[in-house]
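A.B. asks: Sharing a structure here in structure tokens format.
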Amino acid sequence: MTGESNKRELLSSFCVFCDNLGEDEGKEKDKILFYHPKEISVDKQIRNIGLCQAIIKFTKTFTTDEACECLHTQKTKQYFYEPEPGYWMVMASTKWTLCFSHRMKEVEKLVYEYSTTLKVPSRIGSPKAGREVAVVDYLPNDVWDNVYQAVLRQAYQMFRLFSGRFATIVSECPAEFLDPYDYLRQRLDHFLPKYLASLHLSEADVSTLFQGIQFLPLDPHSFLKIHCLVNSVEEVFPGIVRSIFFYDDFLVWSGLEMEDMQVMYRYLTTGLFPSAGRAHEAAGYLGPALAAPKGFFMTGPSDLSNADNLGKIPRVIVRDIGKGPDFPPEEDPGGKYGEEHQLIVYRAKDTTICFLFEGSQEMDINLFRKLDAFLGHQLAGLSDEITESIRRKSQNTMSSDSVMFKYVYFNAVNCAMKSTMAVDAARKPVPTGPVDSFVTGSPPTEVLKFFPQLHQDLHYFGPNAEMSVKLHNDYWVVAKKADQREVYIVMSQRNMTLLETSDELNRLFASQFSNIF
């Protein structure tokens with residue numbers, strides 16, 4: 001019997017290659033810029049990349065506008081992405097489960113196959129009469145193409161955030177490298193192994209596809225105080241180029257372009273915030289919610305009394321304001337994606353403020369001490385005010401809904417995402433609103449797995465569409481799209497009819513989305 005607990009999802013391979021390299025016979029290896037896993041022999045890497053090139057060129061004979069994006073095989077799915085002209089990223093994944101069979105004749109036809117890289121056998125156990133044999137059953141239909149294509153795109157975006165474009169890295173190669181592509185290989189080898197190790201493909205879902213940002217709606221008074229604080233700190237410290245303000249993991253204010261903010265938001269909320277918070281607590285400090293009035297630096301020095309240790313200060317590359325995702329690369333000065341900045345993150349209680357300093361800014365302990373003195377008490381006090389504002393709003397909002405609603409809302413215009421269920425381990429329900437006060441947790445996996453398919457179907461039907469699906473476990477899943485806004489709703493109530501579902505939806509839209517749908 002197949003169960004969710006037995007399912008496994010693996011990253012079979014991940015490679016980056018340049019189509020314009022290694023064109024001469026005997027130099028095919030030069031095409032390879034990065035290949036995972038490293039244990040694969042060079043000959044096999046060359047064959048696999050050669051096959052990818054053949055697939056890409058073959059599919060181009062059928063279309064001049066788009067290249068191949070996905071290839072399905074019996075056991076794996078391969079995804080292709082060309083982030084820059086001539087550079088290709090290819091990811092292969094497989095999903096399988098253990099099932100048990102008494103069908104000995106079928107089992108005897110199987111041959112022993114064992115991949116030393118994936119450690120995934122095609123048969124486990126020997127076919128003895130009267131005994132169950134565990135057999136690997138591959139589940140290609142449980143892997144959604146649009147979600148994994150988004151995973152592949154985001155891998156490039158995250159690399160670009162810290163290193164810039166591939167072409168820029170090659171053109172700015174240091175003099176000690178005889179081959180500029182060796183420098184690119186070094187940068188990829190430094191970043192991608194750690195990034196791929198942090199991927200949890202089994203948790204990829206519709207939130208991965210959206211790459212949305214959860215904003216925190218505030219009253220005008222609180223928002224104005226935040227705006228004033230950001231402006232005042234940028235005035236006092238002229239080296240600050242951009243600022244970002246968070247309450248918990250919810251974005252309140254940002255000075256970045258939206259495309260850069262999407263990538264930065266993902267890096268901060270899934271990477272930096274959790275790891276820096278754990279490190280701070282492990283060092284013997286109190287957690288943010290219980291900390292003393294003054295805060296601490298998540299990047300930079302952990303001890304302001306030690307002038308010799310400034311800690312780790314990440315460098316990120318973001319665009320200038322006005323140069324959005326469609327800004328032509330050839331008009332970008334020097335062919336760069338943007339300028340390098342130093343990222344300083346400071347937290348006090350539940351609030352976090354991020355500063356992007358100029359890349360040439362000289363950092364010293366006095367700068368951090370001044371920032372701490374200027375921000376500590378103000379940010380802690382502001383955190384208390386925001387917390388109290390959210391508490392009052394939650395108390396004043398009463399819910400009359402009789403049906404348990406859970407939903408995910410996304411607005412493609414501003415990348416805003418609101419969710420009352422934890423569709424992603426790093427995302428939390430927004431702490432405000434009538435539904436959020438009593439909806440917790442998330443629906444079963446078999447419910448969530450329908451979301452990417454519904455998203456794909458909605459886009460086939462045009463700018464305005466609505467779909468309702470009744471599942472075998474009494475869940476109703478409703479997807480609705482209006483222009484560039486879409487919402488996915490899960491309702492759980494036994495024996496609910498389609499008419500009753502429609503009535504409940506109308507009540508939900510009136511209370512939660514009255515100005516949207």
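Convention: chains lettered A, B, ... in structure tokens order; per-chain residue numbering from 1; ligands numbered from 1 as shown.
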Within 6 Å of Tyr346 of chain A, counting only C-alpha atoms, which residues show up once you throw out same-chain ones fewer than 3 positions away? Write them as a ChimeraX atom specification, please.
C.D. replies: /A:296-298,352-353
A.B. asks: Determine, counting only C-alpha atoms, which protein, DNA and RNA residues have an atom within 10 Å of an atom of Ser305 of chain A; residues of the same chain fewer than 4 positions away are not included. Present the result as a list in words.
C.D. replies: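 Near Ser305 of chain A, the qualifying residues are Pro301, Asn309, Ile365 and Arg369 of chain A.
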A.B. asks: Quick one: residues within 10 Å of Gly212 of chain A, only C-alpha atoms, excluding same-chain residues fewer than 3 positions away - as number ranges by chain?
C.D. replies: A: 206-209, 215, 261-263, 265-266, 409-412, 414-418
A.B. asks: Keeping C-alpha atoms, export the residues of the selection given above as a compact mmCIF listing (two decimals), in the first residue's frame.
C.D. replies:
# COMPACT_ATOMS: atom_id res chain seq x y z
CA VAL A 206 2.17 26.79 -4.62
CA SER A 207 3.93 29.31 -2.34
CA THR A 208 7.19 28.38 -4.07
CA LEU A 209 5.49 29.06 -7.37
CA PHE A 215 2.95 42.11 4.12
CA MET A 261 12.69 42.18 -2.79
CA GLN A 262 11.17 38.78 -3.64
CA VAL A 263 14.60 37.15 -3.62
CA TYR A 265 12.59 38.24 1.32
CA ARG A 266 13.13 34.56 0.67
CA TYR A 409 -4.28 34.71 -1.64
CA PHE A 410 -1.77 36.13 -4.11
CA ASN A 411 -1.65 39.42 -5.98
CA ALA A 412 0.79 39.33 -8.90
CA ASN A 414 2.67 43.73 -5.89
CA CYS A 415 3.62 40.07 -5.12
CA ALA A 416 1.53 40.24 -1.94
CA MET A 417 0.62 36.88 -0.47
CA LYS A 418 -1.69 36.23 2.45
A.B. asks: From the options A:Arg153, A:Lys225, A:Lys449, A:His36, which residue's atoms come nearest to Leu379 of chain A, counting only C-alpha atoms?
C.D. replies: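 Looking only at the distances to Leu379 of chain A, the closest residue turns out to be A:Lys225.
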A.B. asks: As a PyMOL selection string, please: every residue in segment 148-370 of chain A that a backbone DSSP assignment puts in strand (DSSP E or B).
C.D. replies: chain A and resi 213+215+240-247+250-254+296-297+300+312+315-318+339-348+351-358
A.B. asks: How would the residues just chosen look if you wrote them out with N, CA and C atoms as a tab-separated table (two decimals), in the first residue's frame?
C.D. replies:
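Result file result30.tsv:
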chain	number	residue	atom	x	y	z
A	213	ILE	N	5.26	37.70	-1.10
A	213	ILE	CA	5.74	38.41	0.08
A	213	ILE	C	4.56	38.63	1.01
A	215	PHE	N	2.92	40.76	3.57
A	215	PHE	CA	2.95	42.11	4.12
A	215	PHE	C	2.13	42.15	5.41
A	240	ILE	N	23.88	54.58	4.06
A	240	ILE	CA	22.77	53.66	3.82
A	240	ILE	C	22.10	54.02	2.49
A	241	VAL	N	22.00	53.05	1.61
A	241	VAL	CA	21.41	53.26	0.29
A	241	VAL	C	19.94	52.84	0.27
A	242	ARG	N	19.63	51.70	0.90
A	242	ARG	CA	18.26	51.16	0.93
A	242	ARG	C	17.98	50.63	2.33
A	243	SER	N	16.70	50.59	2.69
A	243	SER	CA	16.29	50.06	3.99
A	243	SER	C	15.09	49.14	3.81
A	244	ILE	N	14.99	48.14	4.68
A	244	ILE	CA	13.86	47.20	4.68
A	244	ILE	C	13.43	47.01	6.13
A	245	PHE	N	12.13	47.05	6.38
A	245	PHE	CA	11.61	46.94	7.74
A	245	PHE	C	10.68	45.74	7.84
A	246	PHE	N	10.92	44.89	8.86
A	246	PHE	CA	10.11	43.71	9.10
A	246	PHE	C	9.51	43.75	10.49
A	247	TYR	N	8.32	43.20	10.61
A	247	TYR	CA	7.78	42.83	11.92
A	247	TYR	C	7.62	41.31	11.89
A	250	PHE	N	7.10	39.45	8.52
A	250	PHE	CA	6.20	40.15	7.63
A	250	PHE	C	6.80	41.49	7.22
A	251	LEU	N	6.74	41.76	5.94
A	251	LEU	CA	7.34	42.98	5.41
A	251	LEU	C	6.43	44.17	5.66
A	252	VAL	N	7.02	45.26	6.12
A	252	VAL	CA	6.28	46.49	6.38
A	252	VAL	C	6.72	47.60	5.43
A	253	TRP	N	8.02	47.68	5.19
A	253	TRP	CA	8.55	48.76	4.35
A	253	TRP	C	9.75	48.25	3.58
A	254	SER	N	9.85	48.63	2.30
A	254	SER	CA	10.99	48.22	1.49
A	254	SER	C	11.37	49.31	0.51
A	296	PHE	N	20.14	43.48	18.78
A	296	PHE	CA	21.43	42.89	18.42
A	296	PHE	C	21.54	42.84	16.90
A	297	PHE	N	22.77	42.72	16.43
A	297	PHE	CA	23.03	42.64	15.00
A	297	PHE	C	22.99	41.19	14.54
A	300	GLY	N	27.12	41.23	11.11
A	300	GLY	CA	28.05	42.17	11.74
A	300	GLY	C	28.52	41.63	13.07
A	312	LYS	N	30.41	38.51	10.24
A	312	LYS	CA	30.18	38.28	8.83
A	312	LYS	C	29.19	39.31	8.29
A	315	ARG	N	27.46	40.41	1.28
A	315	ARG	CA	27.42	41.37	0.18
A	315	ARG	C	26.40	40.89	-0.83
A	316	VAL	N	25.48	41.77	-1.20
A	316	VAL	CA	24.40	41.42	-2.12
A	316	VAL	C	24.39	42.39	-3.28
A	317	ILE	N	23.84	41.94	-4.40
A	317	ILE	CA	23.78	42.74	-5.62
A	317	ILE	C	22.32	42.99	-5.95
A	318	VAL	N	21.91	44.24	-5.94
A	318	VAL	CA	20.53	44.62	-6.24
A	318	VAL	C	20.53	45.76	-7.24
A	339	GLU	N	24.42	47.00	-8.45
A	339	GLU	CA	25.61	47.34	-7.68
A	339	GLU	C	25.70	46.50	-6.42
A	340	GLU	N	26.93	46.27	-5.97
A	340	GLU	CA	27.15	45.48	-4.76
A	340	GLU	C	26.92	46.34	-3.52
A	341	HIS	N	26.24	45.77	-2.53
A	341	HIS	CA	25.97	46.46	-1.27
A	341	HIS	C	26.31	45.54	-0.11
A	342	GLN	N	26.56	46.15	1.03
A	342	GLN	CA	26.79	45.39	2.26
A	342	GLN	C	25.50	45.37	3.08
A	343	LEU	N	25.11	44.18	3.52
A	343	LEU	CA	23.84	43.99	4.21
A	343	LEU	C	24.04	43.93	5.72
A	344	ILE	N	23.47	44.91	6.42
A	344	ILE	CA	23.50	44.96	7.88
A	344	ILE	C	22.07	44.76	8.39
A	345	VAL	N	21.89	43.80	9.28
A	345	VAL	CA	20.55	43.47	9.80
A	345	VAL	C	20.57	43.62	11.32
A	346	TYR	N	19.60	44.37	11.83
A	346	TYR	CA	19.51	44.65	13.27
A	346	TYR	C	18.12	44.29	13.76
A	347	ARG	N	18.05	43.55	14.87
A	347	ARG	CA	16.75	43.12	15.41
A	347	ARG	C	16.60	43.59	16.85
A	348	ALA	N	15.40	44.06	17.17
A	348	ALA	CA	15.03	44.40	18.55
A	348	ALA	C	13.63	43.85	18.78
A	351	THR	N	10.83	43.24	15.85
A	351	THR	CA	11.08	44.05	14.66
A	351	THR	C	12.51	43.87	14.18
A	352	THR	N	12.66	43.91	12.87
A	352	THR	CA	13.98	43.77	12.24
A	352	THR	C	14.10	44.83	11.16
A	353	ILE	N	15.23	45.51	11.12
A	353	ILE	CA	15.48	46.50	10.09
A	353	ILE	C	16.78	46.15	9.37
A	354	CYS	N	16.72	46.15	8.05
A	354	CYS	CA	17.87	45.79	7.21
A	354	CYS	C	18.36	47.03	6.47
A	355	PHE	N	19.67	47.21	6.46
A	355	PHE	CA	20.28	48.35	5.77
A	355	PHE	C	21.23	47.84	4.69
A	356	LEU	N	21.14	48.44	3.52
A	356	LEU	CA	22.09	48.17	2.46
A	356	LEU	C	23.03	49.36	2.36
A	357	PHE	N	24.29	49.14	2.76
A	357	PHE	CA	25.31	50.17	2.66
A	357	PHE	C	26.02	50.03	1.32
A	358	GLU	N	26.62	51.11	0.88
A	358	GLU	CA	27.41	51.06	-0.34
A	358	GLU	C	28.53	50.04	-0.20
A.B. asks: Kindly assemble as JSON lines a list of the segment 218-312 of chain A residues that lie within 8 Å of segment 156-161 of chain A, each paired with its nearest atom pair and their distance in Å to one decimal, using only C-alpha atoms, sorted first by chain and then by ascending residue number.
C.D. replies:
{"residue": "A:Asp260", "atom": "CA", "partner": "A:Leu161", "partner_atom": "CA", "distance": 7.9}
{"residue": "A:Val263", "atom": "CA", "partner": "A:Met158", "partner_atom": "CA", "distance": 6.4}
{"residue": "A:Met264", "atom": "CA", "partner": "A:Leu161", "partner_atom": "CA", "distance": 7.8}
{"residue": "A:Tyr267", "atom": "CA", "partner": "A:Met158", "partner_atom": "CA", "distance": 7.7}
A.B. asks: Please save C-alpha atoms of the selected residues as a PDB file, in the first residue's frame.
C.D. replies:
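Final output, part-v3.pdb:
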ATOM      1  CA  ASP A 260      14.952  42.023  -5.825  1.00  0.00           C
ATOM      2  CA  VAL A 263      14.602  37.151  -3.625  1.00  0.00           C
ATOM      3  CA  MET A 264      15.775  39.109  -0.579  1.00  0.00           C
ATOM      4  CA  TYR A 267      16.767  34.731   1.740  1.00  0.00           C
TER       5      TYR A 267
END
A.B. asks: Closest to Leu11 of chain A among A:Ala197, A:Ala380, A:Leu508, A:Met496, using only C-alpha atoms?
C.D. replies: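 That would be A:Ala197, the residue with the smallest distance to Leu11 of chain A.
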